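Coordinates as given in upload.json (JSON, C-alpha atoms):
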[["chain", "number", "residue", "atom", "x", "y", "z"],
["A", 233, "MET", "CA", -25.04, 14.84, 49.15],
["A", 234, "LEU", "CA", -23.47, 11.74, 47.61],
["A", 235, "SER", "CA", -26.83, 10.01, 47.18],
["A", 236, "PHE", "CA", -28.22, 13.16, 45.55],
["A", 237, "ALA", "CA", -25.31, 13.21, 43.08],
["A", 238, "VAL", "CA", -25.79, 9.52, 42.26],
["A", 239, "ARG", "CA", -29.53, 10.00, 41.64],
["A", 240, "ARG", "CA", -28.91, 12.97, 39.37],
["A", 241, "LEU", "CA", -26.25, 11.02, 37.49],
["A", 242, "VAL", "CA", -28.58, 8.05, 36.97],
["A", 243, "MET", "CA", -31.26, 10.39, 35.63],
["A", 244, "LEU", "CA", -28.84, 11.45, 32.88],
["A", 245, "VAL", "CA", -28.62, 7.93, 31.42],
["A", 246, "PRO", "CA", -32.03, 7.91, 29.64],
["A", 247, "VAL", "CA", -31.43, 11.51, 28.56],
["A", 248, "PHE", "CA", -28.11, 10.48, 27.01],
["A", 249, "LEU", "CA", -29.72, 7.58, 25.14],
["A", 250, "ALA", "CA", -32.53, 9.80, 23.83],
["A", 251, "VAL", "CA", -30.07, 12.49, 22.72],
["A", 252, "SER", "CA", -27.84, 9.97, 20.97],
["A", 253, "MET", "CA", -30.83, 8.58, 19.07],
["A", 254, "ILE", "CA", -32.00, 12.05, 18.01],
["A", 255, "ILE", "CA", -28.51, 13.03, 16.85],
["A", 256, "PHE", "CA", -28.13, 9.83, 14.86],
["A", 257, "LEU", "CA", -31.51, 10.17, 13.14],
["A", 258, "ILE", "CA", -31.10, 13.85, 12.30],
["A", 259, "ILE", "CA", -27.69, 13.31, 10.71],
["A", 260, "HIS", "CA", -28.79, 10.34, 8.61],
["A", 261, "LEU", "CA", -31.98, 12.03, 7.43],
["A", 262, "ILE", "CA", -30.07, 15.02, 6.02],
["A", 263, "PRO", "CA", -29.95, 14.84, 2.19],
["A", 264, "GLY", "CA", -26.56, 13.89, 0.78],
["A", 265, "ASP", "CA", -24.15, 10.99, 0.81],
["A", 266, "PRO", "CA", -20.58, 11.10, 2.17],
["A", 267, "ILE", "CA", -19.56, 8.45, -0.33],
["A", 268, "ASP", "CA", -20.05, 11.00, -3.11],
["A", 269, "ASN", "CA", -17.07, 12.91, -1.68],
["A", 270, "LEU", "CA", -14.88, 9.79, -1.85],
["A", 271, "ILE", "CA", -15.55, 8.36, -5.28],
["A", 272, "ARG", "CA", -13.80, 9.76, -8.29],
["A", 273, "THR", "CA", -15.48, 11.09, -11.38],
["A", 274, "GLY", "CA", -16.45, 8.20, -13.63],
["A", 275, "SER", "CA", -16.57, 5.60, -10.86],
["A", 276, "THR", "CA", -19.00, 2.77, -11.45],
["A", 277, "PRO", "CA", -22.04, 2.02, -9.24],
["A", 278, "GLU", "CA", -20.28, -1.16, -8.14],
["A", 279, "GLN", "CA", -17.35, 0.82, -6.76],
["A", 280, "LYS", "CA", -19.73, 3.10, -4.87],
["A", 281, "ALA", "CA", -21.56, 0.06, -3.49],
["A", 282, "ILE", "CA", -18.28, -1.38, -2.22],
["A", 283, "LEU", "CA", -17.45, 1.83, -0.35],
["A", 284, "THR", "CA", -21.01, 2.03, 1.01],
["A", 285, "ALA", "CA", -20.74, -1.51, 2.37],
["A", 286, "LYS", "CA", -17.27, -0.79, 3.79],
["A", 287, "TYR", "CA", -18.61, 1.98, 6.03],
["A", 288, "GLY", "CA", -21.81, 0.10, 6.89],
["A", 289, "LEU", "CA", -24.08, 2.60, 5.16],
["A", 290, "ASP", "CA", -25.89, -0.18, 3.31],
["A", 291, "ARG", "CA", -27.47, -1.40, 6.56],
["A", 292, "SER", "CA", -30.78, -0.20, 7.96],
["A", 293, "LEU", "CA", -30.84, 2.82, 10.26],
["A", 294, "VAL", "CA", -31.67, 0.63, 13.24],
["A", 295, "GLU", "CA", -28.68, -1.62, 12.61],
["A", 296, "GLN", "CA", -26.38, 1.36, 12.07],
["A", 297, "TYR", "CA", -27.56, 2.98, 15.32],
["A", 298, "VAL", "CA", -27.11, -0.21, 17.37],
["A", 299, "ILE", "CA", -23.59, -0.69, 16.00],
["A", 300, "TRP", "CA", -22.69, 2.95, 16.64],
["A", 301, "LEU", "CA", -24.13, 2.86, 20.17],
["A", 302, "LYS", "CA", -22.21, -0.31, 21.06],
["A", 303, "LYS", "CA", -18.97, 1.28, 19.89],
["A", 304, "LEU", "CA", -19.86, 4.50, 21.68],
["A", 305, "LEU", "CA", -20.40, 2.72, 25.02],
["A", 306, "ASN", "CA", -16.95, 1.18, 24.55],
["A", 307, "GLY", "CA", -15.41, 4.61, 24.02],
["A", 308, "ASP", "CA", -15.11, 4.28, 20.24],
["A", 309, "LEU", "CA", -16.60, 7.17, 18.25],
["A", 310, "GLY", "CA", -15.80, 5.50, 14.94],
["A", 311, "GLU", "CA", -13.62, 6.59, 12.04],
["A", 312, "ALA", "CA", -14.07, 9.68, 9.87],
["A", 313, "ILE", "CA", -15.21, 8.74, 6.37],
["A", 314, "ILE", "CA", -13.54, 11.65, 4.58],
["A", 315, "LEU", "CA", -10.45, 12.31, 6.73],
["A", 316, "ARG", "CA", -10.02, 8.57, 7.49],
["A", 317, "ARG", "CA", -8.89, 9.19, 11.05],
["A", 318, "PRO", "CA", -10.43, 8.17, 14.38],
["A", 319, "VAL", "CA", -13.14, 10.63, 15.36],
["A", 320, "SER", "CA", -11.85, 10.67, 18.94],
["A", 321, "SER", "CA", -8.43, 11.95, 17.76],
["A", 322, "LEU", "CA", -10.07, 14.69, 15.67],
["A", 323, "ILE", "CA", -12.16, 15.81, 18.65],
["A", 324, "THR", "CA", -9.18, 15.60, 21.02],
["A", 325, "GLN", "CA", -7.18, 17.76, 18.63],
["A", 326, "ASN", "CA", -9.85, 20.46, 18.31],
["A", 327, "LEU", "CA", -11.60, 20.37, 21.71],
["A", 328, "PRO", "CA", -8.90, 22.29, 23.68],
["A", 329, "TYR", "CA", -9.38, 25.36, 21.45],
["A", 330, "SER", "CA", -13.14, 25.33, 22.06],
["A", 331, "LEU", "CA", -12.68, 24.72, 25.80],
["A", 332, "ALA", "CA", -10.27, 27.65, 26.08],
["A", 333, "LEU", "CA", -12.65, 29.94, 24.22],
["A", 334, "GLY", "CA", -15.75, 28.70, 26.06],
["A", 335, "GLY", "CA", -14.14, 28.67, 29.49],
["A", 336, "LEU", "CA", -12.79, 32.21, 29.25],
["A", 337, "ALA", "CA", -16.07, 33.46, 27.78],
["A", 338, "LEU", "CA", -17.99, 31.81, 30.63],
["A", 339, "LEU", "CA", -15.66, 33.37, 33.21],
["A", 340, "PHE", "CA", -16.02, 36.79, 31.58],
["A", 341, "SER", "CA", -19.82, 36.60, 31.37],
["A", 342, "THR", "CA", -20.07, 35.35, 34.97],
["A", 343, "VAL", "CA", -17.93, 38.04, 36.59],
["A", 344, "VAL", "CA", -19.11, 40.97, 34.49],
["A", 345, "GLY", "CA", -22.74, 39.78, 34.51],
["A", 346, "ILE", "CA", -22.95, 39.41, 38.29],
["A", 347, "VAL", "CA", -21.21, 42.76, 38.88],
["A", 348, "THR", "CA", -23.38, 44.73, 36.45],
["A", 349, "GLY", "CA", -26.56, 42.96, 37.58],
["A", 350, "SER", "CA", -25.73, 43.69, 41.22],
["A", 351, "LEU", "CA", -25.09, 47.37, 40.49],
["A", 352, "ALA", "CA", -28.39, 47.62, 38.62],
["A", 353, "ALA", "CA", -30.25, 46.04, 41.55],
["A", 354, "ILE", "CA", -28.52, 48.11, 44.24],
["A", 355, "TYR", "CA", -29.21, 51.36, 42.37],
["A", 356, "LYS", "CA", -32.65, 50.32, 41.18],
["A", 357, "ASP", "CA", -34.59, 52.88, 39.07],
["A", 358, "SER", "CA", -31.53, 55.13, 38.83],
["A", 359, "ALA", "CA", -29.74, 56.31, 35.69],
["A", 360, "LEU", "CA", -27.17, 53.55, 36.25],
["A", 361, "ASP", "CA", -29.93, 50.93, 36.38],
["A", 362, "ARG", "CA", -31.50, 52.20, 33.17],
["A", 363, "GLY", "CA", -28.12, 52.31, 31.44],
["A", 364, "VAL", "CA", -27.27, 48.76, 32.49],
["A", 365, "MET", "CA", -30.68, 47.49, 31.36],
["A", 366, "ALA", "CA", -30.22, 49.19, 27.99],
["A", 367, "LEU", "CA", -26.83, 47.50, 27.56],
["A", 368, "ILE", "CA", -28.38, 44.17, 28.63],
["A", 369, "LEU", "CA", -31.09, 44.53, 26.00],
["A", 370, "LEU", "CA", -28.50, 45.40, 23.36],
["A", 371, "GLY", "CA", -26.22, 42.52, 24.33],
["A", 372, "SER", "CA", -29.02, 39.95, 24.24],
["A", 373, "THR", "CA", -30.32, 40.99, 20.79],
["A", 374, "VAL", "CA", -27.10, 41.46, 18.79],
["A", 375, "PRO", "CA", -26.21, 38.26, 16.84],
["A", 376, "SER", "CA", -22.79, 36.89, 17.80],
["A", 377, "PHE", "CA", -21.57, 36.57, 14.20],
["A", 378, "TRP", "CA", -22.43, 40.22, 13.48],
["A", 379, "LEU", "CA", -20.75, 41.35, 16.71],
["A", 380, "GLY", "CA", -17.66, 39.34, 15.78],
["A", 381, "LEU", "CA", -17.44, 40.94, 12.34],
["A", 382, "LEU", "CA", -17.88, 44.39, 13.90],
["A", 383, "MET", "CA", -15.08, 43.73, 16.40],
["A", 384, "ILE", "CA", -12.79, 42.54, 13.61],
["A", 385, "LEU", "CA", -13.52, 45.71, 11.62],
["A", 386, "VAL", "CA", -12.89, 48.07, 14.57],
["A", 387, "PHE", "CA", -10.20, 46.41, 16.71],
["A", 388, "SER", "CA", -8.31, 44.43, 14.06],
["A", 389, "VAL", "CA", -8.64, 46.25, 10.74],
["A", 390, "GLN", "CA", -8.84, 49.89, 11.87],
["A", 391, "LEU", "CA", -7.00, 49.92, 15.21],
["A", 392, "GLY", "CA", -4.76, 46.89, 14.63],
["A", 393, "TRP", "CA", -4.84, 45.87, 18.30],
["A", 394, "PHE", "CA", -5.67, 42.19, 17.80],
["A", 395, "PRO", "CA", -5.19, 39.62, 15.01],
["A", 396, "VAL", "CA", -8.02, 39.08, 12.56],
["A", 397, "SER", "CA", -7.99, 35.29, 12.78],
["A", 398, "GLY", "CA", -6.11, 32.23, 13.97],
["A", 399, "ALA", "CA", -5.13, 30.85, 17.38],
["A", 400, "ARG", "CA", -1.43, 31.56, 17.58],
["A", 401, "ASN", "CA", -1.33, 33.33, 20.97],
["A", 402, "TRP", "CA", -3.54, 34.80, 23.71],
["A", 403, "HIS", "CA", -4.09, 37.98, 21.69],
["A", 404, "SER", "CA", -6.16, 35.97, 19.21],
["A", 405, "LEU", "CA", -8.49, 34.92, 22.05],
["A", 406, "VAL", "CA", -9.53, 38.40, 23.17],
["A", 407, "LEU", "CA", -12.05, 39.26, 20.46],
["A", 408, "PRO", "CA", -13.64, 35.77, 20.27],
["A", 409, "VAL", "CA", -14.01, 35.68, 24.07],
["A", 410, "LEU", "CA", -15.68, 39.09, 24.09],
["A", 411, "THR", "CA", -17.96, 38.08, 21.22],
["A", 412, "VAL", "CA", -19.13, 34.88, 22.91],
["A", 413, "GLY", "CA", -19.16, 36.30, 26.43],
["A", 414, "LEU", "CA", -21.17, 39.47, 25.87],
["A", 415, "GLY", "CA", -24.38, 37.58, 25.10],
["A", 416, "GLY", "CA", -23.97, 35.54, 28.27],
["A", 417, "THR", "CA", -23.14, 38.66, 30.25],
["A", 418, "ALA", "CA", -26.51, 40.16, 29.35],
["A", 419, "LEU", "CA", -28.34, 37.02, 30.49],
["A", 420, "VAL", "CA", -26.44, 36.68, 33.78],
["A", 421, "ALA", "CA", -26.86, 40.40, 34.56],
["A", 422, "ARG", "CA", -30.59, 40.27, 33.92],
["A", 423, "VAL", "CA", -31.12, 37.19, 36.10],
["A", 424, "THR", "CA", -28.93, 38.64, 38.87],
["A", 425, "ARG", "CA", -30.82, 41.93, 38.90],
["A", 426, "VAL", "CA", -34.27, 40.30, 38.95],
["A", 427, "ALA", "CA", -33.26, 37.84, 41.67],
["A", 428, "MET", "CA", -31.72, 40.54, 43.88],
["A", 429, "VAL", "CA", -34.74, 42.81, 43.53],
["A", 430, "ASP", "CA", -36.99, 39.88, 44.49],
["A", 431, "VAL", "CA", -34.85, 38.85, 47.49],
["A", 432, "ALA", "CA", -34.65, 42.47, 48.68],
["A", 433, "GLN", "CA", -38.42, 42.39, 49.30],
["A", 434, "LYS", "CA", -38.22, 39.42, 51.69],
["A", 435, "ASP", "CA", -39.00, 39.78, 55.39],
["A", 436, "PHE", "CA", -35.50, 38.87, 56.58],
["A", 437, "VAL", "CA", -34.07, 41.78, 54.57],
["A", 438, "THR", "CA", -36.51, 44.16, 56.28],
["A", 439, "LEU", "CA", -35.35, 42.77, 59.63],
["A", 440, "LEU", "CA", -31.71, 43.39, 58.70],
["A", 441, "HIS", "CA", -32.54, 47.00, 57.85],
["A", 442, "ALA", "CA", -34.36, 47.34, 61.18],
["A", 443, "LYS", "CA", -31.23, 46.14, 63.00],
["A", 444, "GLY", "CA", -29.34, 49.05, 61.49],
["A", 445, "LEU", "CA", -26.98, 47.20, 59.13],
["A", 446, "ALA", "CA", -25.52, 49.25, 56.31],
["A", 447, "PRO", "CA", -27.64, 48.94, 53.12],
["A", 448, "LEU", "CA", -24.60, 48.10, 50.95],
["A", 449, "ARG", "CA", -23.54, 45.37, 53.38],
["A", 450, "ILE", "CA", -27.05, 43.89, 53.32],
["A", 451, "GLN", "CA", -27.07, 43.86, 49.53],
["A", 452, "LEU", "CA", -23.64, 42.27, 49.11],
["A", 453, "ARG", "CA", -23.54, 39.84, 52.05],
["A", 454, "HIS", "CA", -27.15, 38.69, 52.27],
["A", 455, "VAL", "CA", -29.25, 39.64, 49.24],
["A", 456, "LEU", "CA", -26.63, 38.72, 46.63],
["A", 457, "ARG", "CA", -25.88, 35.39, 48.30],
["A", 458, "HIS", "CA", -29.52, 34.31, 48.18],
["A", 459, "ALA", "CA", -29.95, 35.70, 44.66],
["A", 460, "LEU", "CA", -27.12, 33.56, 43.30],
["A", 461, "LEU", "CA", -29.23, 30.36, 43.26],
["A", 462, "PRO", "CA", -31.00, 31.10, 39.95],
["A", 463, "VAL", "CA", -27.73, 32.49, 38.58],
["A", 464, "ILE", "CA", -26.03, 29.16, 39.30],
["A", 465, "THR", "CA", -28.75, 27.37, 37.33],
["A", 466, "ILE", "CA", -28.22, 29.68, 34.35],
["A", 467, "LEU", "CA", -24.45, 29.23, 34.52],
["A", 468, "GLY", "CA", -24.82, 25.45, 34.58],
["A", 469, "LEU", "CA", -26.79, 25.59, 31.35],
["A", 470, "ARG", "CA", -24.38, 28.12, 29.87],
["A", 471, "ILE", "CA", -21.47, 25.66, 30.20],
["A", 472, "GLY", "CA", -22.90, 23.64, 27.34],
["A", 473, "TRP", "CA", -24.62, 26.40, 25.39],
["A", 474, "ILE", "CA", -21.52, 28.55, 25.32],
["A", 475, "LEU", "CA", -19.63, 25.79, 23.48],
["A", 476, "GLY", "CA", -22.47, 25.57, 20.99],
["A", 477, "GLY", "CA", -22.50, 29.34, 20.60],
["A", 478, "ALA", "CA", -18.78, 29.28, 19.86],
["A", 479, "VAL", "CA", -19.46, 27.41, 16.60],
["A", 480, "THR", "CA", -20.30, 30.51, 14.56],
["A", 481, "VAL", "CA", -17.65, 32.58, 16.33],
["A", 482, "GLU", "CA", -14.94, 30.07, 15.44],
["A", 483, "ILE", "CA", -15.99, 30.32, 11.81],
["A", 484, "VAL", "CA", -15.97, 34.14, 11.89],
["A", 485, "PHE", "CA", -12.49, 34.30, 13.44],
["A", 486, "ALA", "CA", -11.19, 31.29, 11.46],
["A", 487, "ARG", "CA", -10.20, 29.52, 14.67],
["A", 488, "PRO", "CA", -9.65, 25.78, 15.00],
["A", 489, "GLY", "CA", -12.09, 24.09, 17.31],
["A", 490, "LEU", "CA", -15.09, 21.84, 17.62],
["A", 491, "GLY", "CA", -17.32, 24.29, 15.74],
["A", 492, "THR", "CA", -15.00, 24.53, 12.75],
["A", 493, "LEU", "CA", -14.69, 20.74, 12.65],
["A", 494, "LEU", "CA", -18.48, 20.37, 12.87],
["A", 495, "ILE", "CA", -19.23, 22.79, 10.02],
["A", 496, "LYS", "CA", -16.57, 21.25, 7.79],
["A", 497, "SER", "CA", -17.87, 17.74, 8.46],
["A", 498, "LEU", "CA", -21.46, 18.83, 7.83],
["A", 499, "ASN", "CA", -20.50, 20.14, 4.40],
["A", 500, "GLN", "CA", -18.84, 16.80, 3.64],
["A", 501, "ARG", "CA", -21.70, 14.73, 5.16],
["A", 502, "ASP", "CA", -19.11, 12.94, 7.29],
["A", 503, "TYR", "CA", -21.60, 11.21, 9.61],
["A", 504, "PRO", "CA", -19.24, 9.85, 12.31],
["A", 505, "VAL", "CA", -17.50, 13.20, 12.85],
["A", 506, "VAL", "CA", -20.77, 15.18, 12.96],
["A", 507, "GLN", "CA", -22.28, 12.67, 15.38],
["A", 508, "GLY", "CA", -19.19, 12.85, 17.59],
["A", 509, "CYS", "CA", -19.14, 16.67, 17.65],
["A", 510, "LEU", "CA", -22.86, 16.98, 18.38],
["A", 511, "LEU", "CA", -22.58, 14.34, 21.07],
["A", 512, "MET", "CA", -19.76, 16.28, 22.75],
["A", 513, "LEU", "CA", -21.89, 19.44, 22.74],
["A", 514, "ALA", "CA", -24.86, 17.52, 24.18],
["A", 515, "ILE", "CA", -22.68, 15.95, 26.89],
["A", 516, "ALA", "CA", -21.37, 19.43, 27.75],
["A", 517, "VAL", "CA", -24.97, 20.63, 28.28],
["A", 518, "MET", "CA", -25.81, 17.60, 30.42],
["A", 519, "LEU", "CA", -22.65, 17.89, 32.53],
["A", 520, "GLY", "CA", -23.21, 21.62, 32.91],
["A", 521, "THR", "CA", -26.73, 20.99, 34.19],
["A", 522, "PHE", "CA", -25.42, 18.27, 36.50],
["A", 523, "LEU", "CA", -22.73, 20.54, 37.96],
["A", 524, "GLY", "CA", -25.27, 23.34, 38.37],
["A", 525, "ASP", "CA", -27.57, 21.00, 40.32],
["A", 526, "LEU", "CA", -24.70, 19.88, 42.55],
["A", 527, "ILE", "CA", -23.70, 23.46, 43.34],
["A", 528, "GLN", "CA", -27.30, 24.38, 44.02],
["A", 529, "ALA", "CA", -27.71, 21.38, 46.33],
["A", 530, "ALA", "CA", -24.53, 22.32, 48.18],
["A", 531, "VAL", "CA", -25.74, 25.90, 48.67],
["A", 532, "ASP", "CA", -29.42, 25.14, 49.36],
["A", 533, "PRO", "CA", -30.33, 21.88, 51.20],
["A", 534, "ARG", "CA", -33.97, 22.26, 50.04],
["A", 535, "VAL", "CA", -32.86, 21.24, 46.54],
["A", 536, "ARG", "CA", -31.59, 17.90, 47.84],
["A", 537, "GLY", "CA", -34.89, 17.31, 49.61],
["A", 538, "ASN", "CA", -36.89, 17.75, 46.39],
["A", 539, "LEU", "CA", -35.48, 14.53, 44.96],
["A", 540, "LYS", "CA", -35.97, 12.35, 48.05]]
What is this file in structure tokens?
Amino acid sequence: MLSFAVRRLVMLVPVFLAVSMIIFLIIHLIPGDPIDNLIRTGSTPEQKAILTAKYGLDRSLVEQYVIWLKKLLNGDLGEAIILRRPVSSLITQNLPYSLALGGLALLFSTVVGIVTGSLAAIYKDSALDRGVMALILLGSTVPSFWLGLLMILVFSVQLGWFPVSGARNWHSLVLPVLTVGLGGTALVARVTRVAMVDVAQKDFVTLLHAKGLAPLRIQLRHVLRHALLPVITILGLRIGWILGGAVTVEIVFARPGLGTLLIKSLNQRDYPVVQGCLLMLAIAVMLGTFLGDLIQAAVDPRVRGNLK
């Protein structure tokens, strides 16, 4: 198991380098100049050139990338051009809000998704199954920002149950968690249902029925356990994607977090901050995939054998 984990970790190194290069190039090819947000009206070209040289923006893209990568490998994400603070401190300040939102949304989508998907598979082709599938279709097609605005209108403005915005207490987390988690719930429920229906057609399940075991016990103890393998893969990917999906939700609910910091920095063309935020999101996806592979390998030894 340890050798499998080491091999998977080594495979992430070239992926990390490729992702860092793509992030750097995309940010620097976006039209706009962060120096324009620093200089005052009436500043001379010489003053702008001095600021450009100060932040190393007068160098070629290759030189800028090499310098940034060297600092990055030493744990230095650079300094924000506009806010003039270390990027690491800005991310450290905002990341806990995004982790709280993403973690609770992931927990919600996992529990509710597996339960609803299991019910749909156990009662296949019933009214319950059709109802669950209709809700899954609705949850996977509704945009998160629209769902967030709808929840604010109903539960905050009309009913007054939850605050409209902010992150003052746990009440302010309820609506954002539901908004982010419902999309993931639909995905997890769909994968769980399909996997359970597929496993239920295997020969060993027929043998269990022939032995006289209760159908519900077979579904919950044997079919669901084998069907969780693809669900684990989806959840591993969701760890990173759910943080990315929280970007728009944080804006809708005016919450602090990595998404709010990213959008603000994009508007200001603050390259170091945008690069740092995007890199954190990319690392979250890679670590989520890595953790998903480890859990899969622990559950199914055949996965470990595929990389030998």
Please, which residues in segment 265-364 of chain A fall within 10 Å of segment 510-529 of chain A when counting only C-alpha atoms, and what is the closest atom pair and distance in Å to one decimal for each, ordered by chain then residue number, as CSV?
residue,atom,partner,partner_atom,distance
A:Leu309,CA,A:Leu511,CA,9.8
A:Ile323,CA,A:Met512,CA,8.6
A:Leu327,CA,A:Met512,CA,9.2
For this session: Mind checking which residues fall within 8 Å of segment 289-304 of chain A, counting only C-alpha atoms, ignoring those fewer than 6 positions away in the same chain, and posting them as a PyMOL selection string?
Result: chain A and resi 253+256-257+260+310
Exercise. Looking at only C-alpha atoms, which of A:Gln507, A:Thr411, A:Thr480, A:Thr424 is the one that sits closest to Val455 of chain A?
Worked result: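 Closest to Val455 of chain A, using only C-alpha atoms: A:Thr424.
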Problem set entry | Interatomic distance (Å, one decimal) between atom CA of Leu414 of chain A and atom CA of Leu339 of chain A |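 About the pair atom CA of Leu414 of chain A and atom CA of Leu339 of chain A: they are 11.0 Å apart.
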Problem set entry | Atom-to-atom span, atom CA of Gly345 of chain A and atom CA of Leu419 of chain A, Å |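 We find that atom CA of Gly345 of chain A and atom CA of Leu419 of chain A lie 7.4 Å from each other.
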For this session: Would you kindly return, as a ChimeraX atom specification, each protein, DNA or RNA residue with an atom no farther than 12 Å from any atom of Tyr355 of chain A, considering all atoms listed in the file and excluding same-chain residues fewer than 3 positions away?
Result: /A:348-352,358-365,425,428-429,447-448,451
Problem set entry | A:Ala281, A:Ala250, A:Val344, A:Leu322 ranked by distance to Leu493 of chain A, top pick (using all atoms listed in the file) |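 So, comparing all the options, the nearest one is A:Leu322.
Using all atoms listed in the file, the smallest distance between any of A:Leu249, A:Ala432, A:Leu261, A:Val319 and Leu494 of chain A comes from A:Val319.
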Problem set entry | Coordinates-based distance that separates atom CA of Pro488 of chain A from atom CA of Leu331 of chain A (Å, one decimal) |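 So the two atoms, atom CA of Leu331 of chain A and atom CA of Pro488 of chain A, lie 11.3 Å apart.
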Problem set entry | Contacts of Val481 of chain A at 10 Å (only C-alpha atoms; same-chain gap of 5+ positions) as an MDAnalysis selection string | chainID A and resid 333 376:381 407:409 411:412 476 486:487 491:492
Exercise. Near Pro462 of chain A, within 8 Å and counting all atoms listed in the file, which residues show up once chain neighbours fewer than 4 positions away are dropped, as a PyMOL selection string?
Worked result: chain A and resi 423-424+427+466
For this session: For each of A:Val242, A:Ile313, A:Leu305, A:Ile483, take the minimum atom-to-atom distance to Val396 of chain A, counting all atoms listed in the file, then give the residue where this is smallest.
Result: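 Between A:Val242, A:Ile313, A:Leu305, A:Ile483, the residue approaching Val396 of chain A most closely is A:Ile483.
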Exercise. Using all atoms listed in the file, which of A:Ala459, A:Val406, A:Ile346, A:Leu385 sits nearest Ala418 of chain A?
Worked result: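 Of the candidates, the smallest distance to Ala418 of chain A is held by A:Ile346.
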Problem set entry | Nearest-residue call for Glu311 of chain A, choices A:Cys509, A:Val343, A:Tyr503, A:Gly335, using all atoms listed in the file |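 Closest to Glu311 of chain A, using all atoms listed in the file: A:Tyr503.
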